[in-house]
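Asker: Next comes the structure file upload.txt, holding compact mmCIF, C-alpha atoms.
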```
# COMPACT_ATOMS: atom_id res chain seq x y z
CA MET P 1 6.04 -11.37 -19.61
CA ILE P 2 7.04 -9.19 -16.65
CA CYS P 3 4.58 -8.59 -13.87
CA SER P 4 4.81 -7.43 -10.29
CA HIS P 5 4.14 -10.47 -8.12
CA LEU P 6 1.55 -10.50 -5.36
CA ILE P 7 2.40 -12.28 -2.14
CA GLN P 8 0.74 -15.68 -1.92
CA ILE P 9 1.67 -16.88 1.57
CA ASN P 10 -0.40 -16.42 4.68
CA LEU P 11 1.31 -13.61 6.55
CA LEU P 12 -1.59 -13.01 8.90
CA ARG P 13 -1.45 -16.26 10.88
CA PRO P 14 0.32 -15.80 14.22
CA PHE P 15 3.29 -18.02 14.99
CA SER P 16 4.84 -19.30 18.20
CA LEU P 17 8.46 -19.75 19.22
CA GLY P 18 7.73 -23.43 19.50
CA GLU P 19 6.88 -23.56 15.83
CA LEU P 20 10.12 -21.86 14.94
CA MET P 21 12.26 -24.16 17.08
CA MET P 22 10.96 -27.20 15.24
CA SER P 23 13.17 -26.39 12.25
CA GLU P 24 16.49 -24.72 11.64
CA THR P 25 15.94 -24.09 7.94
CA ASP P 26 16.52 -20.65 6.51
CA GLU P 27 13.15 -20.79 4.81
CA GLN P 28 11.17 -21.22 8.00
CA TYR P 29 12.95 -18.42 9.83
CA MET P 30 12.56 -16.10 6.84
CA LEU P 31 8.87 -16.92 6.75
CA ALA P 32 8.73 -15.92 10.40
CA ALA P 33 10.43 -12.62 9.56
CA LEU P 34 7.86 -12.00 6.83
CA LYS P 35 5.01 -12.61 9.25
CA LEU P 36 6.54 -10.13 11.66
CA ALA P 37 6.94 -7.61 8.85
CA ARG P 38 3.24 -7.89 8.05
CA LYS P 39 2.43 -6.50 11.50
CA GLY P 40 3.52 -3.13 10.16
CA TYR P 41 0.76 -3.11 7.51
CA GLY P 42 -0.57 0.42 7.19
CA ARG P 43 1.78 1.77 9.87
CA THR P 44 5.26 2.23 8.40
CA SER P 45 4.81 4.48 5.34
CA PRO P 46 6.88 5.91 3.74
CA ASN P 47 9.14 3.12 5.01
CA PRO P 48 8.86 -0.54 4.00
CA MET P 49 7.50 -3.38 6.13
CA VAL P 50 10.39 -5.27 7.67
CA GLY P 51 10.60 -8.11 10.17
CA ALA P 52 13.66 -9.70 11.78
CA VAL P 53 14.37 -12.90 13.71
CA LEU P 54 17.58 -13.62 15.65
CA VAL P 55 18.49 -17.30 16.03
CA LYS P 56 21.26 -18.95 18.01
CA GLY P 57 21.55 -22.70 18.06
CA ARG P 58 18.01 -24.02 18.16
CA ALA P 59 16.58 -20.98 19.93
CA VAL P 60 14.98 -17.75 18.76
CA ILE P 61 16.65 -15.17 21.00
CA GLY P 62 15.09 -12.02 19.56
CA LYS P 63 12.49 -10.81 17.13
CA GLY P 64 11.21 -7.45 15.99
CA TRP P 65 9.48 -5.50 13.27
CA HIS P 66 9.43 -1.93 12.05
CA ARG P 67 6.44 -0.35 13.78
CA ARG P 68 6.44 3.19 12.37
CA ALA P 69 8.54 5.59 10.33
CA GLY P 70 11.11 7.17 12.62
CA GLY P 71 10.98 4.25 15.05
CA ALA P 72 13.50 1.46 15.53
CA HIS P 73 14.12 -0.71 12.49
CA ALA P 74 13.31 -4.40 12.71
CA GLU P 75 16.94 -5.50 13.07
CA VAL P 76 17.56 -3.14 15.97
CA ALA P 77 14.28 -4.19 17.65
CA ALA P 78 15.34 -7.85 17.45
CA ILE P 79 18.80 -7.08 18.83
CA GLU P 80 17.34 -5.06 21.69
CA GLU P 81 14.93 -7.86 22.62
CA ALA P 82 17.78 -10.37 22.68
CA ARG P 83 19.82 -8.08 24.91
CA ARG P 84 16.90 -7.60 27.30
CA ASN P 85 16.91 -11.37 27.71
CA ASP P 86 20.64 -11.22 28.56
CA ASP P 87 21.48 -13.32 25.53
CA ASN P 88 24.96 -13.29 24.05
CA LEU P 89 24.48 -12.42 20.38
CA LYS P 90 27.95 -13.43 19.26
CA GLY P 91 27.72 -15.98 16.45
CA SER P 92 23.94 -15.69 16.09
CA THR P 93 22.08 -15.56 12.75
CA LEU P 94 19.82 -12.69 11.77
CA TYR P 95 16.94 -13.27 9.35
CA VAL P 96 15.45 -10.15 7.77
CA ASN P 97 13.21 -9.81 4.72
CA LEU P 98 14.94 -6.66 3.41
CA GLU P 99 18.61 -5.73 3.15
CA PRO P 100 19.69 -3.82 6.28
CA CYS P 101 20.10 -0.08 5.76
CA CYS P 102 23.62 1.34 5.64
CA THR P 103 22.92 5.07 5.75
CA THR P 104 21.91 7.46 8.50
CA GLY P 105 18.38 8.78 8.18
CA ARG P 106 15.95 9.24 11.03
CA THR P 107 17.78 6.34 12.66
CA PRO P 108 21.42 5.14 12.58
CA PRO P 109 22.44 2.48 10.02
CA CYS P 110 21.39 -1.06 10.90
CA THR P 111 24.58 -2.49 9.41
CA GLN P 112 26.60 -0.92 12.22
CA ALA P 113 24.21 -2.23 14.88
CA ILE P 114 24.58 -5.74 13.41
CA ILE P 115 28.37 -5.50 13.40
CA ASP P 116 28.49 -4.13 16.95
CA ALA P 117 26.23 -6.95 18.19
CA GLY P 118 28.67 -9.62 17.02
CA ILE P 119 26.13 -11.35 14.77
CA GLY P 120 27.89 -13.98 12.68
CA ARG P 121 25.50 -14.49 9.78
CA VAL P 122 22.80 -12.45 8.08
CA VAL P 123 20.13 -14.01 5.85
CA VAL P 124 18.27 -11.54 3.62
CA GLY P 125 15.13 -11.95 1.54
CA ALA P 126 15.37 -9.00 -0.87
CA VAL P 127 18.04 -6.41 -1.58
CA ASP P 128 17.36 -2.68 -1.20
CA PRO P 129 15.34 -1.48 -4.24
CA ASN P 130 17.13 1.88 -4.23
CA PRO P 131 19.76 1.66 -7.01
CA GLY P 132 22.08 3.88 -4.98
CA HIS P 133 21.95 1.55 -1.98
CA SER P 134 21.25 -1.89 -3.45
CA GLY P 135 23.77 -4.43 -2.19
CA ARG P 136 25.82 -1.81 -0.35
CA GLY P 137 24.68 -2.91 3.11
CA LEU P 138 25.51 -6.54 2.31
CA ARG P 139 29.01 -5.57 1.14
CA ILE P 140 29.62 -3.67 4.38
CA LEU P 141 28.59 -6.74 6.40
CA LYS P 142 30.83 -9.03 4.35
CA ARG P 143 33.82 -6.73 4.79
CA SER P 144 33.27 -7.01 8.53
CA GLY P 145 33.57 -10.79 8.37
CA ILE P 146 29.84 -11.54 8.57
CA GLU P 147 28.54 -14.38 6.41
CA VAL P 148 25.74 -13.16 4.12
CA THR P 149 23.05 -15.21 2.38
CA LYS P 150 20.49 -13.48 0.17
CA GLY P 151 17.49 -14.49 -1.91
CA VAL P 152 15.61 -16.62 0.65
CA PHE P 153 11.91 -16.11 -0.15
CA SER P 154 13.03 -13.31 -2.47
CA GLU P 155 9.76 -13.03 -4.41
CA GLU P 156 7.67 -12.88 -1.26
CA SER P 157 10.07 -10.41 0.31
CA SER P 158 9.74 -8.14 -2.72
CA SER P 159 5.99 -8.59 -3.02
CA ILE P 160 5.22 -7.56 0.54
CA ASN P 161 6.82 -4.19 -0.24
CA ALA P 162 5.65 -3.86 -3.84
CA ALA P 163 4.28 -0.36 -3.20
CA PHE P 164 7.47 0.85 -1.53
CA ASN P 165 9.62 -0.66 -4.29
CA HIS P 166 7.51 1.05 -6.98
CA TRP P 167 7.68 4.41 -5.22
CA ILE P 168 11.46 4.18 -4.78
CA ALA P 169 12.01 3.22 -8.43
CA SER P 170 9.54 5.60 -10.08
CA GLY P 171 8.86 8.35 -7.56
CA LEU P 172 5.14 7.71 -8.07
CA PRO P 173 2.51 6.27 -5.71
CA TYR P 174 1.52 2.64 -6.11
CA VAL P 175 -2.10 2.87 -7.24
CA THR P 176 -4.72 0.28 -6.34
CA LEU P 177 -8.05 0.67 -8.12
CA LYS P 178 -10.85 -0.68 -5.94
CA SER P 179 -14.42 -1.16 -7.13
CA ALA P 180 -17.50 -3.10 -6.00
CA MET P 181 -19.74 -4.23 -8.85
CA THR P 182 -22.32 -6.64 -10.16
CA LEU P 183 -21.37 -9.57 -12.36
CA ASP P 184 -22.12 -7.41 -15.41
CA GLY P 185 -19.74 -4.70 -14.23
CA LYS P 186 -22.23 -2.17 -12.84
CA ILE P 187 -21.41 -0.07 -9.78
CA ALA P 188 -24.69 1.85 -9.51
CA THR P 189 -28.10 2.21 -11.08
CA ALA P 190 -28.83 4.92 -13.62
CA THR P 191 -30.02 7.11 -10.72
CA GLY P 192 -26.77 6.54 -8.79
CA GLU P 193 -28.03 4.05 -6.19
CA SER P 194 -25.18 1.79 -5.06
CA LYS P 195 -25.64 0.87 -1.36
CA TRP P 196 -25.03 -1.95 -0.99
CA ILE P 197 -24.03 -4.05 -3.98
CA THR P 198 -21.58 -6.27 -2.09
CA GLN P 199 -22.00 -7.91 1.29
CA THR P 200 -20.40 -7.29 4.69
CA PRO P 201 -17.29 -9.50 4.18
CA SER P 202 -16.40 -7.54 1.04
CA ARG P 203 -16.90 -4.21 2.77
CA ARG P 204 -14.71 -5.42 5.63
CA GLU P 205 -11.96 -6.32 3.15
CA GLY P 206 -12.37 -2.92 1.51
CA MET P 207 -11.77 -1.31 4.89
CA ARG P 208 -8.61 -3.39 5.27
CA LEU P 209 -7.38 -1.96 1.95
CA ARG P 210 -7.94 1.52 3.33
CA LYS P 211 -5.87 0.71 6.40
CA GLY P 212 -2.94 -0.21 4.18
CA SER P 213 -3.12 3.02 2.17
CA ASP P 214 -1.70 6.49 2.70
CA VAL P 215 -4.35 8.26 0.64
CA ILE P 216 -7.84 7.46 -0.59
CA LEU P 217 -9.00 9.27 -3.73
CA VAL P 218 -12.50 9.78 -5.15
CA GLY P 219 -14.16 12.14 -7.59
CA VAL P 220 -16.52 14.92 -6.64
CA ASN P 221 -19.49 13.00 -8.06
CA THR P 222 -19.00 10.35 -5.36
CA VAL P 223 -19.05 13.09 -2.71
CA LEU P 224 -22.19 14.64 -4.20
CA ALA P 225 -24.01 11.31 -4.54
CA ASP P 226 -23.01 9.51 -1.32
CA ASN P 227 -21.44 12.09 1.02
CA PRO P 228 -18.95 9.43 2.25
CA SER P 229 -16.65 9.87 5.24
CA LEU P 230 -13.76 7.99 3.55
CA LEU P 231 -12.21 7.02 6.86
CA ALA P 232 -10.17 3.96 7.80
CA HIS P 233 -11.89 2.38 10.81
CA GLY P 234 -9.57 0.77 13.31
CA LYS P 235 -5.90 1.36 14.08
CA ARG P 236 -3.40 2.57 11.50
CA GLY P 237 -0.52 3.01 13.92
CA GLY P 238 -1.49 6.62 14.57
CA LEU P 239 -1.26 7.49 10.88
CA PRO P 240 -4.32 9.36 9.55
CA LEU P 241 -5.75 8.39 6.17
CA ARG P 242 -5.49 11.34 3.82
CA ARG P 243 -8.48 12.01 1.54
CA ILE P 244 -8.25 13.50 -1.95
CA ILE P 245 -11.24 14.76 -3.93
CA LEU P 246 -10.86 15.34 -7.67
CA ASP P 247 -13.06 18.37 -8.27
CA SER P 248 -12.29 20.37 -11.42
CA ARG P 249 -14.84 23.11 -10.69
CA CYS P 250 -14.83 23.15 -6.86
CA ARG P 251 -18.32 21.72 -6.49
CA THR P 252 -17.57 20.01 -3.17
CA PRO P 253 -20.19 21.27 -0.65
CA LEU P 254 -18.90 22.93 2.51
CA SER P 255 -21.30 20.65 4.39
CA ALA P 256 -19.76 17.46 3.00
CA LYS P 257 -18.34 15.08 5.61
CA VAL P 258 -14.87 15.19 4.10
CA VAL P 259 -14.89 18.99 4.53
CA SER P 260 -16.70 19.43 7.84
CA ASP P 261 -15.77 16.42 10.03
CA GLU P 262 -13.01 16.17 12.64
CA CYS P 263 -10.57 14.85 10.02
CA SER P 264 -11.01 17.76 7.61
CA THR P 265 -7.32 18.69 7.94
CA GLN P 266 -6.56 15.43 6.13
CA THR P 267 -8.69 16.38 3.11
CA THR P 268 -7.29 17.83 -0.11
CA VAL P 269 -9.49 19.09 -2.93
CA VAL P 270 -7.69 19.06 -6.28
CA THR P 271 -9.21 21.53 -8.71
CA LEU P 272 -8.26 23.26 -11.94
CA ARG P 273 -6.42 26.56 -11.99
CA ASN P 274 -9.36 28.24 -13.68
CA ALA P 275 -11.94 27.04 -11.14
CA PRO P 276 -14.15 29.78 -9.64
CA PRO P 277 -11.91 31.80 -7.25
CA ARG P 278 -14.77 32.36 -4.79
CA LYS P 279 -15.31 28.62 -4.39
CA ILE P 280 -11.59 27.98 -4.02
CA LEU P 281 -11.38 30.58 -1.26
CA ALA P 282 -14.37 29.12 0.58
CA LEU P 283 -12.95 25.59 0.50
CA ARG P 284 -9.50 26.77 1.58
CA LYS P 285 -10.99 27.93 4.85
CA LYS P 286 -11.85 24.29 5.57
CA VAL P 287 -9.42 22.04 3.70
CA ARG P 288 -6.29 22.04 1.62
CA VAL P 289 -6.84 23.00 -2.03
CA ILE P 290 -4.39 22.24 -4.85
CA LYS P 291 -4.77 23.99 -8.20
CA ALA P 292 -3.67 21.54 -10.87
CA PRO P 293 -2.95 21.96 -14.59
CA GLU P 294 -5.61 20.85 -17.04
CA ARG P 295 -5.49 17.94 -19.43
CA LYS P 296 -8.47 17.36 -21.72
CA GLY P 297 -10.66 19.47 -19.46
CA ARG P 298 -9.78 17.55 -16.31
CA VAL P 299 -7.10 17.47 -13.64
CA ASP P 300 -3.82 16.28 -15.12
CA LEU P 301 -3.46 13.00 -13.24
CA LYS P 302 0.15 12.39 -14.24
CA TRP P 303 1.09 15.78 -12.80
CA LEU P 304 -0.84 14.96 -9.64
CA MET P 305 0.85 11.56 -9.22
CA LYS P 306 4.30 13.15 -9.47
CA ARG P 307 3.32 15.71 -6.86
CA LEU P 308 1.93 13.08 -4.49
CA GLY P 309 5.01 10.92 -4.94
CA GLY P 310 7.12 13.90 -3.93
CA GLU P 311 4.95 14.24 -0.82
CA GLN P 312 5.87 10.66 0.18
CA VAL P 313 2.55 9.12 -0.79
CA VAL P 314 3.49 5.47 -1.30
CA ASN P 315 0.09 3.72 -1.38
CA LEU P 316 -2.83 5.37 -3.16
CA LEU P 317 -6.27 3.75 -3.11
CA VAL P 318 -8.63 4.94 -5.84
CA GLU P 319 -12.24 4.35 -4.84
CA GLY P 320 -13.90 6.84 -7.16
CA GLY P 321 -16.65 6.02 -9.63
CA GLY P 322 -16.33 4.81 -13.19
CA GLU P 323 -15.09 8.12 -14.60
CA VAL P 324 -12.27 8.43 -12.08
CA GLY P 325 -11.29 4.77 -12.40
CA GLY P 326 -11.45 5.01 -16.18
CA ALA P 327 -9.25 8.11 -16.16
CA PHE P 328 -6.57 6.34 -14.12
CA LEU P 329 -6.71 3.36 -16.46
CA ASP P 330 -6.60 5.58 -19.57
CA ASN P 331 -3.43 7.19 -18.21
CA SER P 332 -1.85 3.80 -17.32
CA LEU P 333 -1.53 4.86 -13.69
CA VAL P 334 -3.05 1.75 -12.07
CA ASN P 335 -0.66 -0.84 -10.66
CA ARG P 336 -3.18 -3.22 -9.12
CA VAL P 337 -6.92 -3.82 -9.17
CA ALA P 338 -9.15 -5.05 -6.36
CA PHE P 339 -12.53 -5.77 -7.92
CA PHE P 340 -15.33 -7.09 -5.70
CA TYR P 341 -18.07 -8.95 -7.58
CA ALA P 342 -21.54 -9.60 -6.16
CA PRO P 343 -23.68 -12.46 -7.56
CA ILE P 344 -26.28 -10.09 -9.00
CA ILE P 345 -27.01 -8.67 -12.44
CA MET P 346 -28.19 -5.11 -12.85
CA GLY P 347 -28.39 -4.60 -16.60
CA GLY P 348 -29.39 -1.35 -18.23
CA LYS P 349 -27.30 0.64 -20.67
CA GLU P 350 -27.52 3.72 -18.46
CA SER P 351 -26.37 1.96 -15.30
CA ARG P 352 -22.99 3.17 -14.07
CA VAL P 353 -20.01 1.03 -15.05
CA ALA P 354 -16.86 0.35 -13.04
CA ALA P 355 -14.43 1.63 -15.67
CA ALA P 356 -15.68 4.38 -17.94
CA GLY P 357 -13.26 6.90 -19.44
CA PHE P 358 -12.21 6.62 -23.08
CA GLY P 359 -11.32 2.95 -23.09
CA VAL P 360 -9.82 1.28 -26.17
CA ARG P 361 -11.11 1.00 -29.73
CA SER P 362 -9.41 -2.31 -30.53
CA LEU P 363 -8.81 -5.52 -28.63
CA ASP P 364 -5.12 -4.99 -29.35
CA GLY P 365 -5.21 -2.20 -26.78
CA VAL P 366 -6.84 -4.03 -23.88
CA LYS P 367 -5.02 -4.02 -20.55
CA MET P 368 -3.76 -7.48 -19.71
CA LEU P 369 -3.85 -8.61 -16.07
CA CYS P 370 -1.42 -11.02 -14.49
CA ASP P 371 -0.94 -12.74 -11.14
CA VAL P 372 -4.71 -13.05 -11.05
CA GLN P 373 -6.06 -14.26 -7.72
CA TRP P 374 -9.68 -15.01 -6.83
CA ARG P 375 -10.89 -15.08 -3.27
CA ARG P 376 -14.36 -15.89 -1.95
CA LEU P 377 -15.85 -13.44 0.57
CA GLY P 378 -19.18 -14.84 1.64
CA SER P 379 -21.26 -14.92 -1.54
CA ASP P 380 -19.01 -12.34 -3.24
CA LEU P 381 -15.78 -12.81 -5.16
CA LEU P 382 -12.67 -10.64 -4.93
CA LEU P 383 -10.32 -10.38 -7.91
CA THR P 384 -6.86 -8.97 -7.26
CA ALA P 385 -4.32 -8.67 -10.06
CA GLY P 386 -1.42 -6.67 -11.40
CA PHE P 387 -0.78 -5.48 -14.93
CA ALA P 388 1.39 -7.30 -17.47
CA GLY P 389 4.42 -5.22 -18.37
CA ASP P 390 4.67 -3.38 -15.04
```
Could you quickly redo this structure as C-alpha cells?
Answerer:
Amino acid sequence: MICSHLIQINLLRPFSLGELMMSETDEQYMLAALKLARKGYGRTSPNPMVGAVLVKGRAVIGKGWHRRAGGAHAEVAAIEEARRNDDNLKGSTLYVNLEPCCTTGRTPPCTQAIIDAGIGRVVVGAVDPNPGHSGRGLRILKRSGIEVTKGVFSEESSSINAAFNHWIASGLPYVTLKSAMTLDGKIATATGESKWITQTPSRREGMRLRKGSDVILVGVNTVLADNPSLLAHGKRGGLPLRRIILDSRCRTPLSAKVVSDECSTQTTVVTLRNAPPRKILALRKKVRVIKAPERKGRVDLKWLMKRLGGEQVVNLLVEGGGEVGGAFLDNSLVNRVAFFYAPIIMGGKESRVAAAGFGVRSLDGVKMLCDVQWRRLGSDLLLTAGFAGD
C-alpha cells in the first residue's frame, strides 16, 4: 500500500560542529543537512527546503540552507561560507538533501557552482521530483568527474519536501486538514461555541502549522461565527500568510477582520459567479474576489485547487468547519490530516462535527489513513496521518 511518508526524525534540535566532527559517516552529515533544511520551514515557498554541509577531512568547512525563494540555494551558501573562511574546497564532499539544480531560474545552476568550486564528491538524499529534471543534475556532476552518491536518508529527504513534491508532480497544493475536536469528534456546540476545546500547547502547534503554510482557508460560516484574524504569529521569513474565504453568496461582512485589518490585501473571497453583484463589488473594494464555477451549489473545489496550484500555492491549510472539511474530503483533496483531540466529551446530535459533507454510505468507502503518528500536547493528543493510496 502506497502512502506519502511523514518525516520521523527530530529536525528541530540544534547541532554543533563538534557533534558533526565526531563521525565521518554519510548518514550523520546528511542528517545535519536535513536539520539545516528545516530552518527554511515556512520561508522558501514555492521552493523546497534544502540544507547543505561541506566536509573536508574531519572538518565541516561550510554549511548553508535555502532561506527564501530567489535567494542563494543551500549549496551556494555552503560554498560561500567555506570561501569566507579561506578554505580550499578542492576534494571536499558536499552533503545536500535534494539533488542540486541544473537549470537557470532566479539563480544560476548549482551544478556549475559545485564544479567550479572543485568539490570532489556529492552525497544526495533525494533526486529532483520534476520528471524533466530528475537525475539530470547528478549526470552533469558525474560527467565532470565528481563522485556522486544518492539515496542517503532518501525517505526523510523526500518527506521534508512532501508538499513541494506533490505540487511539482500534480500541479495542485498539498492540503492539510486541521481540526480541533472532542473525543467524540465535535468541534462546536449546537449554538456554535468552540473557544476553547483544546489547550494552549495544541493552539501553539496549530500556529506552527500556519507558519508552514502559504494559504489558510476557511468557510464563511467560520468568519460569521468567530470573526477570526487567521494570521500566522511570529516570523515567516517575510512571507505573508494568504487567507481564503469560501463564500458562495458573498456574505462576508465588510467589518470582518479578514476584510478590514492591515493584512486585507492578503485576503481572497471565493464566491460563485451568480453571487449578488452588489456584494461582489463592495468586497472588491477591500479584498480580492474570485468568481468560481459551481458544483452542487457550492464552489467547485477541484477548479479552485487547480487555480491555486497555478498561482504557486504549495501548502494549503484548511481550518474551516465541518462542512468545508467534509467537502475537501468528499472531493479527495486532502493529503494530510492534523486532528487535535481534547479529553472531553460533548455529545449531542446537533453539535457540530469535524467532518460533515456527504460522507460514505458503506464501510467499503471509508478513507484509510497511513503513517499514523500520535503526539501528546499537554492533556491533548495530536493525530497526524496521510492517506493510503496517495
Asker: For CA of Glu147 (chain P) and CA of Asp87 (chain P), quote the distance in Å rounded to one decimal.
Answerer: 20.4 Å
Asker: From the options P:Leu333, P:Ala52, P:Ile197, P:Leu89, which residue's atoms come nearest to Val76 (chain P), counting only C-alpha atoms?
Answerer: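 The answer is P:Ala52, which sits nearest to Val76 (chain P).
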Asker: So which one's closest to Gly378 (chain P), P:Leu177, P:Thr267, P:Gln199, P:Val218? Using only C-alpha atoms, please.
Answerer: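 Distance minimum relative to Gly378 (chain P) lands on P:Gln199.
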Asker: What is the distance between CA of Ala342 (chain P) and CA of Glu205 (chain P), in Å to one decimal?
Answerer: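 Separation between CA of Ala342 (chain P) and CA of Glu205 (chain P): 13.8 Å.
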Asker: Report, in Å with one decimal, the straight-line distance from CA of Ala292 (chain P) to CA of Leu272 (chain P).
Answerer: 5.0 Å
Asker: Considering all atoms listed in the file, can you say which of P:Arg376, P:Lys90, P:Arg106, P:Lys39 comes closest to Phe340 (chain P)?
Answerer: P:Arg376
Asker: Choose the residue, out of P:Val314, P:Gly357, P:Glu294, P:Leu369, that has the smallest atom-to-atom separation from Ile168 (chain P); count all atoms listed in the file.
Answerer: P:Val314
